[in-house]
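A.B. asks: Next comes the structure file input-v6.cif, holding mmCIF, C-alpha atoms and all ligand atoms.
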data_target
loop_
_atom_site.label_atom_id
_atom_site.label_comp_id
_atom_site.auth_asym_id
_atom_site.auth_seq_id
_atom_site.Cartn_x
_atom_site.Cartn_y
_atom_site.Cartn_z
CA MET X 1 134.44 -119.16 11.84
CA GLU X 2 136.16 -117.32 9.06
CA ILE X 3 134.37 -113.98 8.63
CA ILE X 4 134.86 -112.12 5.37
CA ILE X 5 133.49 -108.58 5.16
CA LEU X 6 133.18 -107.05 1.70
CA PRO X 7 131.99 -103.64 0.52
CA THR X 8 129.22 -104.58 -1.92
CA GLU X 9 126.61 -107.24 -2.58
CA GLU X 10 128.38 -108.01 -5.86
CA ALA X 11 131.69 -108.65 -4.09
CA VAL X 12 129.87 -110.92 -1.63
CA ALA X 13 128.23 -112.88 -4.46
CA SER X 14 131.50 -113.25 -6.29
CA ARG X 15 133.29 -114.54 -3.15
CA VAL X 16 130.54 -117.07 -2.47
CA ALA X 17 130.68 -118.19 -6.11
CA ASP X 18 134.47 -118.62 -5.71
CA GLU X 19 133.85 -121.04 -2.85
CA PHE X 20 131.53 -123.10 -5.05
CA GLU X 21 133.83 -122.97 -8.04
CA ASN X 22 136.88 -124.07 -6.04
CA ALA X 23 134.95 -126.93 -4.46
CA ILE X 24 133.64 -128.14 -7.83
CA ARG X 25 136.96 -127.83 -9.63
CA ASN X 26 138.75 -129.64 -6.76
CA ALA X 27 136.27 -132.52 -6.65
CA ALA X 28 137.21 -135.57 -8.71
CA ASP X 29 135.25 -135.23 -12.00
CA GLY X 30 133.20 -132.49 -10.36
CA ARG X 31 131.40 -135.14 -8.28
CA ILE X 32 130.15 -133.02 -5.45
CA THR X 33 127.06 -132.82 -3.28
CA LEU X 34 125.84 -129.26 -2.86
CA GLY X 35 123.44 -128.08 -0.17
CA LEU X 36 121.29 -125.26 -1.52
CA ALA X 37 119.42 -122.54 0.34
CA THR X 38 116.57 -120.54 -1.15
CA GLY X 39 115.58 -116.99 -0.23
CA SER X 40 117.06 -113.72 -1.44
CA SER X 41 120.52 -114.03 0.18
CA PRO X 42 122.15 -116.49 -2.24
CA LEU X 43 120.38 -115.20 -5.37
CA LYS X 44 123.24 -113.04 -6.66
CA SER X 45 125.71 -115.85 -5.96
CA TYR X 46 123.57 -118.26 -7.98
CA GLY X 47 123.44 -115.64 -10.75
CA GLU X 48 127.22 -115.40 -10.74
CA LEU X 49 127.54 -119.20 -10.87
CA VAL X 50 125.16 -119.30 -13.85
CA ARG X 51 127.37 -116.70 -15.56
CA ARG X 52 130.49 -118.75 -14.87
CA HIS X 53 128.71 -121.82 -16.22
CA ARG X 54 127.80 -120.01 -19.45
CA GLU X 55 130.97 -118.01 -19.95
CA GLU X 56 133.71 -119.91 -18.13
CA SER X 57 132.72 -123.56 -18.62
CA LEU X 58 132.02 -124.22 -14.97
CA SER X 59 130.12 -127.52 -15.09
CA PHE X 60 127.69 -129.00 -12.61
CA LYS X 61 126.97 -132.08 -14.67
CA ASN X 62 128.33 -134.49 -12.07
CA ALA X 63 126.96 -132.58 -9.08
CA GLN X 64 123.94 -133.45 -7.02
CA ALA X 65 122.05 -131.11 -4.73
CA PHE X 66 119.89 -131.22 -1.63
CA LEU X 67 117.66 -128.30 -0.71
CA LEU X 68 117.49 -127.20 2.90
CA ASP X 69 113.77 -126.94 3.31
CA GLU X 70 110.31 -126.79 1.77
CA TYR X 71 106.89 -125.41 2.65
CA VAL X 72 104.32 -128.00 3.66
CA GLY X 73 101.29 -127.98 1.41
CA LEU X 74 102.84 -126.27 -1.63
CA PRO X 75 103.16 -128.36 -4.79
CA ARG X 76 106.59 -128.29 -6.47
CA THR X 77 105.01 -126.32 -9.29
CA HIS X 78 103.90 -123.43 -7.03
CA GLU X 79 105.98 -120.33 -7.71
CA GLN X 80 106.95 -120.02 -4.05
CA SER X 81 107.78 -123.67 -3.49
CA TYR X 82 111.46 -123.86 -2.71
CA TYR X 83 111.95 -126.57 -5.31
CA ARG X 84 110.49 -124.29 -7.98
CA PHE X 85 112.46 -121.30 -6.68
CA ILE X 86 115.76 -123.16 -6.97
CA ARG X 87 114.82 -124.50 -10.39
CA ASP X 88 113.84 -121.08 -11.74
CA ASN X 89 116.77 -119.19 -10.24
CA PHE X 90 119.56 -121.70 -10.48
CA THR X 91 119.34 -125.37 -11.37
CA SER X 92 117.43 -125.04 -14.67
CA LEU X 93 120.07 -122.51 -15.79
CA ILE X 94 123.07 -124.81 -15.30
CA ASP X 95 123.87 -128.34 -16.48
CA ILE X 96 122.98 -130.25 -13.31
CA ALA X 97 120.67 -133.20 -14.04
CA ASP X 98 117.03 -132.58 -13.09
CA ASP X 99 116.83 -135.77 -11.05
CA ALA X 100 119.99 -134.84 -9.14
CA VAL X 101 118.18 -131.98 -7.40
CA ASN X 102 116.50 -133.26 -4.25
CA SER X 103 114.07 -131.53 -1.94
CA PRO X 104 111.71 -132.56 0.83
CA ASN X 105 108.28 -133.32 -0.61
CA GLY X 106 105.99 -130.66 0.84
CA GLU X 107 102.96 -132.55 -0.39
CA ALA X 108 103.78 -135.85 1.28
CA ASP X 109 100.77 -137.46 3.00
CA ASP X 110 102.90 -138.06 6.06
CA PRO X 111 105.30 -135.10 6.48
CA ARG X 112 106.99 -136.66 9.51
CA ALA X 113 107.84 -139.82 7.56
CA GLU X 114 108.98 -137.64 4.64
CA ALA X 115 111.35 -135.78 6.96
CA ILE X 116 112.98 -139.04 8.05
CA ARG X 117 113.20 -140.25 4.45
CA TYR X 118 114.90 -137.00 3.39
CA ASP X 119 117.42 -137.08 6.22
CA GLU X 120 118.29 -140.67 5.29
CA ALA X 121 118.56 -139.77 1.61
CA ILE X 122 121.20 -137.12 2.39
CA ALA X 123 123.21 -139.66 4.38
CA ALA X 124 122.80 -142.33 1.68
CA ALA X 125 124.18 -139.86 -0.88
CA GLY X 126 127.33 -139.53 1.23
CA GLY X 127 126.43 -136.25 2.96
CA VAL X 128 126.75 -132.67 1.78
CA ASP X 129 130.19 -131.44 0.69
CA LEU X 130 129.39 -127.74 0.50
CA GLN X 131 126.34 -126.12 2.07
CA ILE X 132 125.29 -122.56 1.37
CA LEU X 133 123.15 -120.85 4.00
CA GLY X 134 121.29 -117.61 4.51
CA ILE X 135 120.20 -116.45 7.95
CA GLY X 136 116.81 -115.26 9.19
CA THR X 137 116.43 -112.01 11.14
CA ASP X 138 115.70 -114.19 14.19
CA GLY X 139 118.89 -116.21 13.68
CA HIS X 140 117.30 -119.22 11.97
CA ILE X 141 119.13 -121.33 9.43
CA GLY X 142 117.08 -123.60 7.24
CA PHE X 143 113.80 -123.19 9.05
CA ASN X 144 115.21 -124.01 12.45
CA GLU X 145 113.53 -121.31 14.44
CA PRO X 146 114.72 -120.14 17.89
CA GLY X 147 114.32 -122.98 20.34
CA SER X 148 115.43 -125.65 17.85
CA ALA X 149 117.57 -128.38 19.35
CA LEU X 150 121.17 -127.96 18.26
CA THR X 151 121.29 -131.66 17.32
CA SER X 152 117.93 -131.72 15.53
CA ARG X 153 117.37 -133.78 12.38
CA THR X 154 115.15 -133.05 9.38
CA ARG X 155 111.62 -132.57 10.68
CA LEU X 156 108.29 -130.79 10.54
CA LYS X 157 108.44 -127.26 12.02
CA THR X 158 106.07 -124.38 12.63
CA LEU X 159 107.40 -120.99 11.53
CA THR X 160 107.50 -118.03 13.89
CA GLU X 161 105.25 -115.02 13.24
CA GLN X 162 108.41 -113.04 12.43
CA THR X 163 109.43 -115.47 9.66
CA ILE X 164 105.91 -115.67 8.30
CA SER X 165 105.84 -111.89 8.05
CA ASP X 166 109.39 -111.76 6.57
CA ASN X 167 108.27 -114.25 3.89
CA MET X 168 104.98 -112.55 3.14
CA ARG X 169 106.67 -110.33 0.55
CA PHE X 170 107.08 -113.34 -1.74
CA PHE X 171 103.40 -114.23 -1.81
CA THR X 172 100.76 -112.35 -3.74
CA ASP X 173 97.94 -110.51 -1.99
CA GLY X 174 95.30 -112.79 -0.59
CA GLU X 175 97.52 -115.88 -0.69
CA THR X 176 98.04 -117.67 2.60
CA VAL X 177 101.68 -117.92 3.62
CA PRO X 178 102.35 -121.50 4.73
CA ILE X 179 103.14 -121.81 8.42
CA HIS X 180 104.53 -125.34 8.39
CA VAL X 181 107.75 -126.47 6.75
CA LEU X 182 110.00 -129.46 6.40
CA THR X 183 113.55 -128.44 7.23
CA GLN X 184 116.91 -130.07 7.62
CA GLY X 185 117.74 -129.97 11.32
CA LEU X 186 120.67 -128.16 12.91
CA GLY X 187 122.36 -131.53 13.43
CA THR X 188 121.78 -132.42 9.77
CA ILE X 189 123.17 -129.09 8.53
CA SER X 190 126.15 -129.38 10.86
CA GLN X 191 127.18 -132.61 9.14
CA ALA X 192 127.94 -130.76 5.90
CA ARG X 193 131.70 -130.92 5.42
CA ARG X 194 131.96 -127.24 4.59
CA ILE X 195 129.50 -124.40 5.12
CA VAL X 196 129.30 -120.93 3.58
CA LEU X 197 126.78 -118.54 5.12
CA THR X 198 125.99 -115.32 3.33
CA ALA X 199 124.03 -112.22 4.34
CA THR X 200 123.77 -108.61 3.23
CA GLY X 201 122.03 -105.52 4.56
CA GLU X 202 121.54 -103.96 7.96
CA GLY X 203 118.47 -106.06 8.63
CA LYS X 204 120.75 -109.06 9.15
CA ALA X 205 123.34 -107.29 11.34
CA GLU X 206 121.88 -108.33 14.67
CA ALA X 207 121.48 -111.97 13.65
CA ILE X 208 125.06 -112.08 12.32
CA ALA X 209 126.43 -110.66 15.58
CA ALA X 210 124.39 -113.08 17.71
CA MET X 211 125.44 -116.01 15.52
CA SER X 212 129.16 -115.37 15.63
CA GLU X 213 129.80 -113.42 18.84
CA GLY X 214 126.90 -114.47 21.05
CA ALA X 215 126.48 -117.59 23.13
CA VAL X 216 125.96 -120.95 21.45
CA SER X 217 122.30 -121.36 22.19
CA ALA X 218 119.05 -122.65 20.77
CA PHE X 219 117.85 -119.05 21.10
CA CYS X 220 120.04 -118.19 18.08
CA PRO X 221 119.99 -121.41 16.02
CA ALA X 222 122.77 -120.22 13.67
CA SER X 223 125.13 -120.04 16.65
CA VAL X 224 125.49 -123.83 16.32
CA LEU X 225 127.88 -123.01 13.48
CA GLN X 226 130.45 -121.89 16.08
CA LEU X 227 130.91 -125.61 16.76
CA HIS X 228 131.64 -126.46 13.12
CA GLN X 229 135.23 -126.61 11.92
CA LYS X 230 134.81 -125.22 8.42
CA VAL X 231 132.44 -122.30 8.24
CA THR X 232 133.00 -119.21 6.12
CA VAL X 233 130.68 -116.22 6.64
CA VAL X 234 130.61 -113.86 3.67
CA ILE X 235 128.80 -110.58 4.42
CA ASP X 236 128.72 -106.94 3.41
CA ASP X 237 129.61 -103.93 5.58
CA ALA X 238 125.97 -103.37 6.55
CA ALA X 239 125.45 -106.95 7.76
CA ALA X 240 128.75 -106.65 9.67
CA SER X 241 127.78 -103.38 11.34
CA LYS X 242 126.95 -104.92 14.72
CA LEU X 243 130.01 -107.15 15.00
CA LYS X 244 132.25 -106.11 17.90
CA LEU X 245 135.27 -107.71 16.26
CA ALA X 246 134.61 -106.41 12.72
CA ASP X 247 137.93 -104.53 12.57
CA TYR X 248 139.80 -107.64 13.65
CA TYR X 249 138.08 -109.78 11.00
CA ARG X 250 139.06 -107.20 8.35
CA PHE X 251 142.64 -107.17 9.68
CA VAL X 252 142.79 -110.98 9.50
CA GLN X 253 141.65 -110.90 5.86
CA GLU X 254 144.19 -108.23 5.00
CA LYS X 255 147.07 -110.06 6.67
CA LYS X 256 146.08 -113.52 5.58
CA PRO X 257 149.18 -115.71 5.36
CA LEU X 258 149.92 -116.85 1.84
CA VAL X 259 150.65 -120.42 2.91
C1 LIG O 1 116.01 -120.78 2.84
C2 LIG O 1 116.24 -120.85 4.25
C3 LIG O 1 116.17 -119.68 5.17
C4 LIG O 1 116.70 -118.38 4.56
C5 LIG O 1 116.52 -117.23 5.54
C6 LIG O 1 116.97 -115.93 4.96
O1 LIG O 1 116.15 -122.06 2.25
O2 LIG O 1 116.46 -121.92 4.69
O3 LIG O 1 116.90 -119.97 6.34
O4 LIG O 1 118.04 -118.55 4.24
O5 LIG O 1 115.17 -117.15 5.89
O6 LIG O 1 116.12 -115.58 3.92
P1 LIG O 1 116.52 -114.40 2.91
O7 LIG O 1 117.75 -114.85 2.23
O8 LIG O 1 115.35 -114.33 1.96
O9 LIG O 1 116.69 -113.19 3.72
#
How does this structure look as structure tokens?
C.D. replies:
Amino acid sequence: MEIIILPTEEAVASRVADEFENAIRNAADGRITLGLATGSSPLKSYGELVRRHREESLSFKNAQAFLLDEYVGLPRTHEQSYYRFIRDNFTSLIDIADDAVNSPNGEADDPRAEAIRYDEAIAAAGGVDLQILGIGTDGHIGFNEPGSALTSRTRLKTLTEQTISDNMRFFTDGETVPIHVLTQGLGTISQARRIVLTATGEGKAEAIAAMSEGAVSAFCPASVLQLHQKVTVVIDDAAASKLKLADYYRFVQEKKPLV
């Protein structure tokens, strides 16, 4: 894992946006498959990409995208559906085609069959070139909660009480927070050719340390990324505060060879 520690949330967002921009500009005709996470972690990065689209002609017109996950039972039009979230905060603000943005259908009559269909759709599209990830305080990626098989595929999952309570802030009073989700599995996510995980704030420090310096274990689902060859972790000082090797990671960045 390449671990990049930066002083501010803005610097983190800009670095993550650089990863996207480089990948898009290096892809033939910008034909790239992006894996998109929702949640608060990538929001500033999406904002920066929207700015680069508007001001620096960064185009997504030949890109396609696959979302990581979706709540079961929420229509795509619900404000907290992940499809709607990505549309409102990112994809409707750039030039990606509407029908190039894919997500699991949370309203499918048969969620298990929908999970299989979605997994197959990612493969049929040629797989994800660049996946952006956030991380849950319990070490989840996508909605692969602790205990998820490291080789799991897209499937129906039940959220932990911790995640339900973490997510409660997005729902208005009196609304029921969904407890079931469709999520790409750890095996599915691991097939992305390149992965960028981003996190900021002290609340994520423990999860970041467990992910990168702890054992590879279903107890910390994000630790599966230690087995991937191209993962970049872009975090701020606060999220890095529990890393034992933080000084070494900073040293590596400082002394990065130019070749
Ligand atoms: C979102 C997702 C989740 C979030 C994680 C962190 O699509 O799959 O794994 O990335 O729950 O959420 P935030 O960024 O809101 O702290």
A.B. asks: With all atoms listed in the file as the counted atoms, please give the residues lying no more than 7 Å from range 234-245 of chain X, apart from itself and same-chain residues fewer than 4 positions off, as number ranges by chain.
C.D. replies: X: 3-9, 12, 16, 197-202, 204-206, 208-209, 249
A.B. asks: Excluding Ala123 in chain X and its own-chain neighbours fewer than 5 positions away, which residues fall within 12 Å of it when counting all atoms listed in the file? Please give them as an NGL selection string.
C.D. replies: :X and (33 or 66 or 116-118 or 128-129 or 153-154 or 184 or 188-189 or 191-192)
A.B. asks: Generate a file of the selected residues that holds C-alpha atoms, formatted as a JSON list (two decimals), in the frame of the given file.
C.D. replies:
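New file part12.json:
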[["chain", "number", "residue", "atom", "x", "y", "z"],
["X", 33, "THR", "CA", 127.06, -132.82, -3.28],
["X", 66, "PHE", "CA", 119.89, -131.22, -1.63],
["X", 116, "ILE", "CA", 112.98, -139.04, 8.05],
["X", 117, "ARG", "CA", 113.20, -140.25, 4.45],
["X", 118, "TYR", "CA", 114.90, -137.00, 3.39],
["X", 128, "VAL", "CA", 126.75, -132.67, 1.78],
["X", 129, "ASP", "CA", 130.19, -131.44, 0.69],
["X", 153, "ARG", "CA", 117.37, -133.78, 12.38],
["X", 154, "THR", "CA", 115.15, -133.05, 9.38],
["X", 184, "GLN", "CA", 116.91, -130.07, 7.62],
["X", 188, "THR", "CA", 121.78, -132.42, 9.77],
["X", 189, "ILE", "CA", 123.17, -129.09, 8.53],
["X", 191, "GLN", "CA", 127.18, -132.61, 9.14],
["X", 192, "ALA", "CA", 127.94, -130.76, 5.90]]
A.B. asks: Please return as a PyMOL selection string the residues found within 6 Å of ligand LIG 1 (chain O), counting all atoms listed in the file.
C.D. replies: chain X and resi 37-41+68-69+133-136+140-143
A.B. asks: Please determine, counting only C-alpha atoms, which residue among X:Asp18, X:Val224, X:Ser212, X:Glu161 has the shortest atom-to-atom distance to Ala246 in chain X.
C.D. replies: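 So, comparing all the options, the nearest one is X:Ser212.
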A.B. asks: Work out how far CA of Gln64 in chain X is from CA of Asn89 in chain X, in Å to one decimal.
C.D. replies: 16.3 Å
A.B. asks: Considering all atoms listed in the file, can you say which of X:Leu74, X:Leu182, X:Cys220, X:Leu67 comes closest to Ala115 in chain X?
C.D. replies: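 With all atoms listed in the file as the atom set, the closest residue is X:Leu182.
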A.B. asks: Any idea what's packed within 6 Å of range 46-48 of chain X, counting all atoms listed in the file, ignoring anything in its chain fewer than 3 positions away? Could you give it as an MDAnalysis selection string?
C.D. replies: chainID X and resid 43 51 90
A.B. asks: X:Gln80, X:Ile94, X:Gly139, X:Val233: which is nearest Met168 in chain X, counting all atoms listed in the file?
C.D. replies: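 Of X:Gln80, X:Ile94, X:Gly139, X:Val233, the one nearest Met168 in chain X is X:Gln80, counting all atoms listed in the file.
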A.B. asks: Go through X:Arg52, X:His228, X:His180, X:Arg169 one by one, measure the shortest atom-to-atom distance of each to Glu145 in chain X using only C-alpha atoms, and give the residue with the smallest value.
C.D. replies: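 For Glu145 in chain X, the nearest of the given residues is X:His180.
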A.B. asks: I need the residue nearest Pro75 in chain X from this list: X:Ala121, X:Leu130, X:Met211, X:Ala108. Use only C-alpha atoms for the distance.
C.D. replies: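 Closest candidate: X:Ala108.
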A.B. asks: In Å, how far is it from CA of Ile86 in chain X to CA of Ala207 in chain X?
C.D. replies: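 A separation of 24.1 Å between them.
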A.B. asks: What box, with edges along x, y and z, holds each listed atom of range 220-225 of chain X when 5 Å is added on every side, and can you state its centre and edge lengths in Å to one decimal, as lines of an AutoDock Vina configuration file?
C.D. replies:
center_x = 123.9
center_y = -121.0
center_z = 15.8
size_x = 17.9
size_y = 15.6
size_z = 14.6
A.B. asks: Find the residues with any atom within 7 Å of (133.4, -126.4, 8.0); use all atoms listed in the file and the coordinates as given in the file, and write the answer as a list of chain:residue names.
C.D. replies: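 Within the cut-off we find X:Arg193, X:Arg194, X:Ile195, X:His228, X:Gln229, X:Lys230, X:Val231.
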A.B. asks: Between X:Ser148, X:Asp166, X:Thr232, X:Leu93, which one has atoms that come closest to Arg54 in chain X, using all atoms listed in the file?
C.D. replies: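 Distance minimum relative to Arg54 in chain X lands on X:Leu93.
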A.B. asks: If we count all atoms listed in the file and set the cut-off at 8 Å, which residues sit around Glu107 in chain X, ignoring sequence neighbours fewer than 2 positions away in its own chain? Please answer as a ChimeraX atom specification.
C.D. replies: /X:72-75,105,109,111
A.B. asks: As a PDB file, in the frame of the given file, could you write out range 72-88 of chain X once it has been completed with N, CA, C and O atoms?
C.D. replies:
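The resulting file, selection09.pdb, is reproduced below:
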ATOM      1  N   VAL X  72     105.295-126.898   3.667  1.00  0.00           N
ATOM      2  CA  VAL X  72     104.320-128.000   3.660  1.00  0.00           C
ATOM      3  C   VAL X  72     103.049-127.502   2.989  1.00  0.00           C
ATOM      4  O   VAL X  72     102.558-126.415   3.286  1.00  0.00           O
ATOM      5  N   GLY X  73     102.571-128.304   2.050  1.00  0.00           N
ATOM      6  CA  GLY X  73     101.290-127.980   1.410  1.00  0.00           C
ATOM      7  C   GLY X  73     101.449-127.326   0.041  1.00  0.00           C
ATOM      8  O   GLY X  73     100.473-127.225  -0.695  1.00  0.00           O
ATOM      9  N   LEU X  74     102.670-126.884  -0.309  1.00  0.00           N
ATOM     10  CA  LEU X  74     102.840-126.270  -1.630  1.00  0.00           C
ATOM     11  C   LEU X  74     103.328-127.326  -2.624  1.00  0.00           C
ATOM     12  O   LEU X  74     104.310-128.013  -2.363  1.00  0.00           O
ATOM     13  N   PRO X  75     102.644-127.441  -3.772  1.00  0.00           N
ATOM     14  CA  PRO X  75     103.160-128.360  -4.790  1.00  0.00           C
ATOM     15  C   PRO X  75     104.467-127.824  -5.374  1.00  0.00           C
ATOM     16  O   PRO X  75     104.704-126.603  -5.339  1.00  0.00           O
ATOM     17  N   ARG X  76     105.299-128.708  -5.890  1.00  0.00           N
ATOM     18  CA  ARG X  76     106.590-128.290  -6.470  1.00  0.00           C
ATOM     19  C   ARG X  76     106.422-127.269  -7.588  1.00  0.00           C
ATOM     20  O   ARG X  76     107.348-126.532  -7.911  1.00  0.00           O
ATOM     21  N   THR X  77     105.236-127.242  -8.183  1.00  0.00           N
ATOM     22  CA  THR X  77     105.010-126.320  -9.290  1.00  0.00           C
ATOM     23  C   THR X  77     104.634-124.909  -8.807  1.00  0.00           C
ATOM     24  O   THR X  77     104.683-123.960  -9.591  1.00  0.00           O
ATOM     25  N   HIS X  78     104.280-124.753  -7.543  1.00  0.00           N
ATOM     26  CA  HIS X  78     103.900-123.430  -7.030  1.00  0.00           C
ATOM     27  C   HIS X  78     105.111-122.501  -7.086  1.00  0.00           C
ATOM     28  O   HIS X  78     106.219-122.902  -6.719  1.00  0.00           O
ATOM     29  N   GLU X  79     104.869-121.280  -7.531  1.00  0.00           N
ATOM     30  CA  GLU X  79     105.980-120.330  -7.710  1.00  0.00           C
ATOM     31  C   GLU X  79     106.831-120.125  -6.457  1.00  0.00           C
ATOM     32  O   GLU X  79     108.006-119.818  -6.539  1.00  0.00           O
ATOM     33  N   GLN X  80     106.205-120.255  -5.290  1.00  0.00           N
ATOM     34  CA  GLN X  80     106.950-120.020  -4.050  1.00  0.00           C
ATOM     35  C   GLN X  80     107.457-121.312  -3.414  1.00  0.00           C
ATOM     36  O   GLN X  80     108.057-121.264  -2.339  1.00  0.00           O
ATOM     37  N   SER X  81     107.200-122.451  -4.065  1.00  0.00           N
ATOM     38  CA  SER X  81     107.780-123.670  -3.490  1.00  0.00           C
ATOM     39  C   SER X  81     109.289-123.542  -3.649  1.00  0.00           C
ATOM     40  O   SER X  81     109.786-122.965  -4.627  1.00  0.00           O
ATOM     41  N   TYR X  82     110.009-124.039  -2.665  1.00  0.00           N
ATOM     42  CA  TYR X  82     111.460-123.860  -2.710  1.00  0.00           C
ATOM     43  C   TYR X  82     112.089-124.657  -3.847  1.00  0.00           C
ATOM     44  O   TYR X  82     113.088-124.243  -4.428  1.00  0.00           O
ATOM     45  N   TYR X  83     111.449-125.796  -4.173  1.00  0.00           N
ATOM     46  CA  TYR X  83     111.950-126.570  -5.310  1.00  0.00           C
ATOM     47  C   TYR X  83     111.872-125.724  -6.579  1.00  0.00           C
ATOM     48  O   TYR X  83     112.833-125.617  -7.344  1.00  0.00           O
ATOM     49  N   ARG X  84     110.700-125.104  -6.786  1.00  0.00           N
ATOM     50  CA  ARG X  84     110.490-124.290  -7.980  1.00  0.00           C
ATOM     51  C   ARG X  84     111.439-123.082  -7.992  1.00  0.00           C
ATOM     52  O   ARG X  84     112.007-122.713  -9.022  1.00  0.00           O
ATOM     53  N   PHE X  85     111.601-122.478  -6.822  1.00  0.00           N
ATOM     54  CA  PHE X  85     112.460-121.300  -6.680  1.00  0.00           C
ATOM     55  C   PHE X  85     113.898-121.633  -7.115  1.00  0.00           C
ATOM     56  O   PHE X  85     114.529-120.897  -7.876  1.00  0.00           O
ATOM     57  N   ILE X  86     114.393-122.760  -6.615  1.00  0.00           N
ATOM     58  CA  ILE X  86     115.760-123.160  -6.970  1.00  0.00           C
ATOM     59  C   ILE X  86     115.863-123.511  -8.448  1.00  0.00           C
ATOM     60  O   ILE X  86     116.834-123.178  -9.130  1.00  0.00           O
ATOM     61  N   ARG X  87     114.828-124.161  -8.967  1.00  0.00           N
ATOM     62  CA  ARG X  87     114.820-124.500 -10.390  1.00  0.00           C
ATOM     63  C   ARG X  87     114.868-123.230 -11.241  1.00  0.00           C
ATOM     64  O   ARG X  87     115.704-123.083 -12.111  1.00  0.00           O
ATOM     65  N   ASP X  88     113.948-122.291 -10.924  1.00  0.00           N
ATOM     66  CA  ASP X  88     113.840-121.080 -11.740  1.00  0.00           C
ATOM     67  C   ASP X  88     115.085-120.202 -11.653  1.00  0.00           C
ATOM     68  O   ASP X  88     115.478-119.578 -12.627  1.00  0.00           O
TER      69      ASP X  88
END
